[in-house]
$ cat start-v7.csv   # CSV, N, CA and C atoms
chain,number,residue,atom,x,y,z
A,1,MET,N,-19.3,9.5,-4.6
A,1,MET,CA,-18.4,10.6,-4.9
A,1,MET,C,-17.0,10.0,-4.8
A,2,PRO,N,-16.1,10.3,-5.8
A,2,PRO,CA,-14.7,9.7,-5.7
A,2,PRO,C,-13.9,10.5,-4.7
A,3,GLU,N,-13.0,9.7,-4.1
A,3,GLU,CA,-12.2,10.3,-3.1
A,3,GLU,C,-11.2,11.3,-3.7
A,4,SER,N,-10.9,12.3,-2.9
A,4,SER,CA,-9.8,13.2,-3.4
A,4,SER,C,-8.5,12.6,-3.2
A,5,SER,N,-7.5,13.1,-4.0
A,5,SER,CA,-6.2,12.6,-3.9
A,5,SER,C,-5.6,12.8,-2.5
A,6,THR,N,-5.9,13.9,-1.8
A,6,THR,CA,-5.4,14.2,-0.5
A,6,THR,C,-6.0,13.2,0.5
A,7,CYS,N,-7.3,12.9,0.4
A,7,CYS,CA,-8.0,12.0,1.2
A,7,CYS,C,-7.4,10.6,1.1
A,8,ARG,N,-7.2,10.2,-0.2
A,8,ARG,CA,-6.7,8.8,-0.5
A,8,ARG,C,-5.3,8.7,0.1
A,9,CYS,N,-4.5,9.8,0.0
A,9,CYS,CA,-3.1,9.8,0.5
A,9,CYS,C,-3.1,9.6,2.0
A,10,ALA,N,-4.0,10.3,2.7
A,10,ALA,CA,-4.1,10.3,4.1
A,10,ALA,C,-4.5,8.9,4.6
A,11,ILE,N,-5.4,8.2,3.9
A,11,ILE,CA,-5.8,6.9,4.2
A,11,ILE,C,-4.6,5.9,4.0
A,12,LEU,N,-3.8,6.1,2.9
A,12,LEU,CA,-2.7,5.2,2.7
A,12,LEU,C,-1.6,5.4,3.8
A,13,VAL,N,-1.4,6.6,4.2
A,13,VAL,CA,-0.4,6.9,5.3
A,13,VAL,C,-0.9,6.3,6.6
A,14,ARG,N,-2.2,6.3,6.8
A,14,ARG,CA,-2.8,5.8,8.0
A,14,ARG,C,-2.4,4.3,8.2
A,15,PHE,N,-2.5,3.6,7.0
A,15,PHE,CA,-2.2,2.1,7.0
A,15,PHE,C,-0.7,1.9,6.9
A,16,ALA,N,0.0,2.7,6.2
A,16,ALA,CA,1.5,2.6,6.0
A,16,ALA,C,2.3,2.7,7.2
A,17,GLU,N,1.8,3.6,8.1
A,17,GLU,CA,2.6,3.9,9.3
A,17,GLU,C,2.8,2.7,10.2
A,18,PRO,N,1.7,2.0,10.6
A,18,PRO,CA,2.0,0.8,11.4
A,18,PRO,C,2.7,-0.3,10.7
A,19,TRP,N,2.4,-0.4,9.3
A,19,TRP,CA,3.1,-1.5,8.5
A,19,TRP,C,4.6,-1.2,8.5
A,20,SER,N,5.0,0.1,8.3
A,20,SER,CA,6.4,0.4,8.2
A,20,SER,C,7.1,0.2,9.6
A,21,MET,N,6.3,0.1,10.7
A,21,MET,CA,6.9,0.0,12.0
A,21,MET,C,7.1,-1.5,12.4
A,22,THR,N,6.8,-2.4,11.5
A,22,THR,CA,7.0,-3.8,11.8
A,22,THR,C,8.5,-4.1,11.8
A,23,ASP,N,8.9,-5.1,12.5
A,23,ASP,CA,10.3,-5.5,12.6
A,23,ASP,C,11.0,-5.7,11.3
A,24,GLU,N,10.2,-6.4,10.4
A,24,GLU,CA,10.8,-6.8,9.1
A,24,GLU,C,11.1,-5.5,8.3
A,25,LEU,N,10.2,-4.6,8.3
A,25,LEU,CA,10.4,-3.4,7.4
A,25,LEU,C,11.4,-2.4,8.1
A,26,GLN,N,11.4,-2.4,9.4
A,26,GLN,CA,12.3,-1.5,10.1
A,26,GLN,C,13.8,-2.0,9.9
A,27,GLN,N,14.0,-3.3,9.9
A,27,GLN,CA,15.3,-3.9,9.7
A,27,GLN,C,15.9,-3.5,8.3
A,28,ILE,N,15.1,-3.3,7.3
A,28,ILE,CA,15.6,-2.9,6.0
A,28,ILE,C,15.4,-1.4,5.7
A,29,GLY,N,15.0,-0.7,6.7
A,29,GLY,CA,14.9,0.8,6.6
A,29,GLY,C,13.8,1.3,5.8
A,30,ILE,N,12.6,0.7,5.7
A,30,ILE,CA,11.5,1.2,5.0
A,30,ILE,C,10.8,2.2,5.8
A,31,SER,N,10.7,3.4,5.2
A,31,SER,CA,10.0,4.5,5.9
A,31,SER,C,8.5,4.5,5.6
A,32,VAL,N,7.8,5.4,6.3
A,32,VAL,CA,6.3,5.5,6.1
A,32,VAL,C,6.1,6.0,4.7
A,33,GLU,N,6.9,6.9,4.2
A,33,GLU,CA,6.7,7.4,2.8
A,33,GLU,C,6.9,6.3,1.8
A,34,VAL,N,7.9,5.4,2.0
A,34,VAL,CA,8.1,4.3,1.0
A,34,VAL,C,6.9,3.3,1.1
A,35,ALA,N,6.5,3.0,2.3
A,35,ALA,CA,5.4,2.0,2.5
A,35,ALA,C,4.1,2.6,1.9
A,36,ALA,N,3.9,3.9,2.1
A,36,ALA,CA,2.7,4.5,1.5
A,36,ALA,C,2.8,4.5,0.0
A,37,GLY,N,4.0,4.7,-0.6
A,37,GLY,CA,4.2,4.6,-2.0
A,37,GLY,C,3.9,3.2,-2.6
A,38,VAL,N,4.3,2.2,-1.8
A,38,VAL,CA,4.0,0.8,-2.2
A,38,VAL,C,2.5,0.6,-2.2
A,39,LEU,N,1.8,1.0,-1.2
A,39,LEU,CA,0.4,0.9,-1.1
A,39,LEU,C,-0.3,1.7,-2.2
A,40,GLU,N,0.2,2.8,-2.5
A,40,GLU,CA,-0.4,3.6,-3.6
A,40,GLU,C,-0.3,2.9,-4.9
A,41,ALA,N,0.9,2.3,-5.2
A,41,ALA,CA,1.1,1.6,-6.4
A,41,ALA,C,0.2,0.4,-6.5
A,42,LEU,N,0.1,-0.4,-5.4
A,42,LEU,CA,-0.8,-1.5,-5.3
A,42,LEU,C,-2.3,-1.1,-5.5
A,43,ALA,N,-2.7,0.0,-4.9
A,43,ALA,CA,-4.1,0.5,-5.1
A,43,ALA,C,-4.3,0.8,-6.6
A,44,GLY,N,-3.4,1.4,-7.2
A,44,GLY,CA,-3.5,1.8,-8.6
A,44,GLY,C,-3.6,0.5,-9.5
A,45,LEU,N,-2.8,-0.5,-9.2
A,45,LEU,CA,-2.9,-1.8,-9.9
A,45,LEU,C,-4.2,-2.5,-9.7
A,46,ALA,N,-4.7,-2.4,-8.4
A,46,ALA,CA,-6.0,-3.0,-8.1
A,46,ALA,C,-7.1,-2.3,-8.8
A,47,GLN,N,-7.1,-1.0,-8.9
A,47,GLN,CA,-8.1,-0.3,-9.7
A,47,GLN,C,-8.1,-0.6,-11.1
A,48,ARG,N,-6.9,-0.8,-11.7
A,48,ARG,CA,-6.8,-1.2,-13.1
A,48,ARG,C,-7.3,-2.6,-13.4
A,49,ALA,N,-7.0,-3.5,-12.4
A,49,ALA,CA,-7.5,-4.8,-12.5
A,49,ALA,C,-9.0,-4.9,-12.4
A,50,GLN,N,-9.5,-4.2,-11.5
A,50,GLN,CA,-11.0,-4.1,-11.3
A,50,GLN,C,-11.7,-3.5,-12.5
A,51,ALA,N,-11.1,-2.5,-13.1
A,51,ALA,CA,-11.7,-1.8,-14.2
A,51,ALA,C,-11.8,-2.8,-15.5
A,52,SER,N,-10.8,-3.7,-15.5
A,52,SER,CA,-10.8,-4.6,-16.7
A,52,SER,C,-11.3,-6.0,-16.3
A,53,ASP,N,-12.1,-6.1,-15.2
A,53,ASP,CA,-12.7,-7.4,-14.7
A,53,ASP,C,-11.6,-8.4,-14.4
A,54,GLY,N,-10.4,-7.9,-14.0
A,54,GLY,CA,-9.3,-8.7,-13.6
A,54,GLY,C,-9.1,-8.8,-12.1
A,55,ARG,N,-8.1,-9.4,-11.7
A,55,ARG,CA,-7.8,-9.6,-10.3
A,55,ARG,C,-6.3,-9.2,-10.1
A,56,LEU,N,-6.0,-8.9,-8.8
A,56,LEU,CA,-4.6,-8.6,-8.5
A,56,LEU,C,-4.2,-9.5,-7.3
A,57,TYR,N,-3.0,-10.1,-7.5
A,57,TYR,CA,-2.4,-11.0,-6.5
A,57,TYR,C,-1.1,-10.4,-6.2
A,58,CYS,N,-0.7,-10.2,-4.9
A,58,CYS,CA,0.6,-9.7,-4.6
A,58,CYS,C,1.2,-10.6,-3.5
A,59,TRP,N,2.4,-11.0,-3.7
A,59,TRP,CA,3.1,-11.8,-2.7
A,59,TRP,C,4.4,-10.9,-2.3
A,60,TRP,N,4.5,-10.5,-1.1
A,60,TRP,CA,5.6,-9.8,-0.6
A,60,TRP,C,6.5,-10.7,0.2
A,61,ALA,N,7.7,-10.9,-0.2
A,61,ALA,CA,8.6,-11.7,0.6
A,61,ALA,C,9.9,-10.9,0.9
A,62,LEU,N,10.3,-10.9,2.1
A,62,LEU,CA,11.5,-10.1,2.5
A,62,LEU,C,12.7,-11.1,2.7

$ encode --input "start-v7.csv" --output "structure tokens"
Amino acid sequence: MPESSTCRCAILVRFAEPWSMTDELQQIGISVEVAAGVLEALAGLAQRAQASDGRLYCWWAL
């Protein structure tokens, strides 16, 4: 059964919260909402890559 949008959002926020609290992201003012948005965008790209038998590589440098 596919996840609902609300469920998926809750999962992203669950992981975005501790990530946004890291020193690096706190120093540049990244909020939980912004971190969740980044994770949502990456999840969408990963789904598209998987659907086309591709792969996704992400390098985040601050």

$ atom_distance --input "start-v7.csv" --atom1 "atom CA of Glu24 of chain A" --atom2 "atom CA of Arg8 of chain A"
25.3 Å

$ atom_distance --input "start-v7.csv" --atom1 "atom C of Ile30 of chain A" --atom2 "atom C of Ala16 of chain A"
8.6 Å

$ atom_distance --input "start-v7.csv" --atom1 "atom CA of Gln47 of chain A" --atom2 "atom CA of Ser20 of chain A"
23.0 Å

$ residues_around --input "start-v7.csv" --residues "segment 31-44 of chain A" --least-positions-apart "3" --cutoff "10 Å" --atoms "only C-alpha atoms" --output "PyMOL selection string"
chain A and resi 8-21+25-26+28+47-50+56-58

$ select_by_dssp --input "start-v7.csv" --residues "chain A" --states "alpha helix (DSSP H)" --output "number ranges by chain"
A: 5-20, 23-27, 32-51
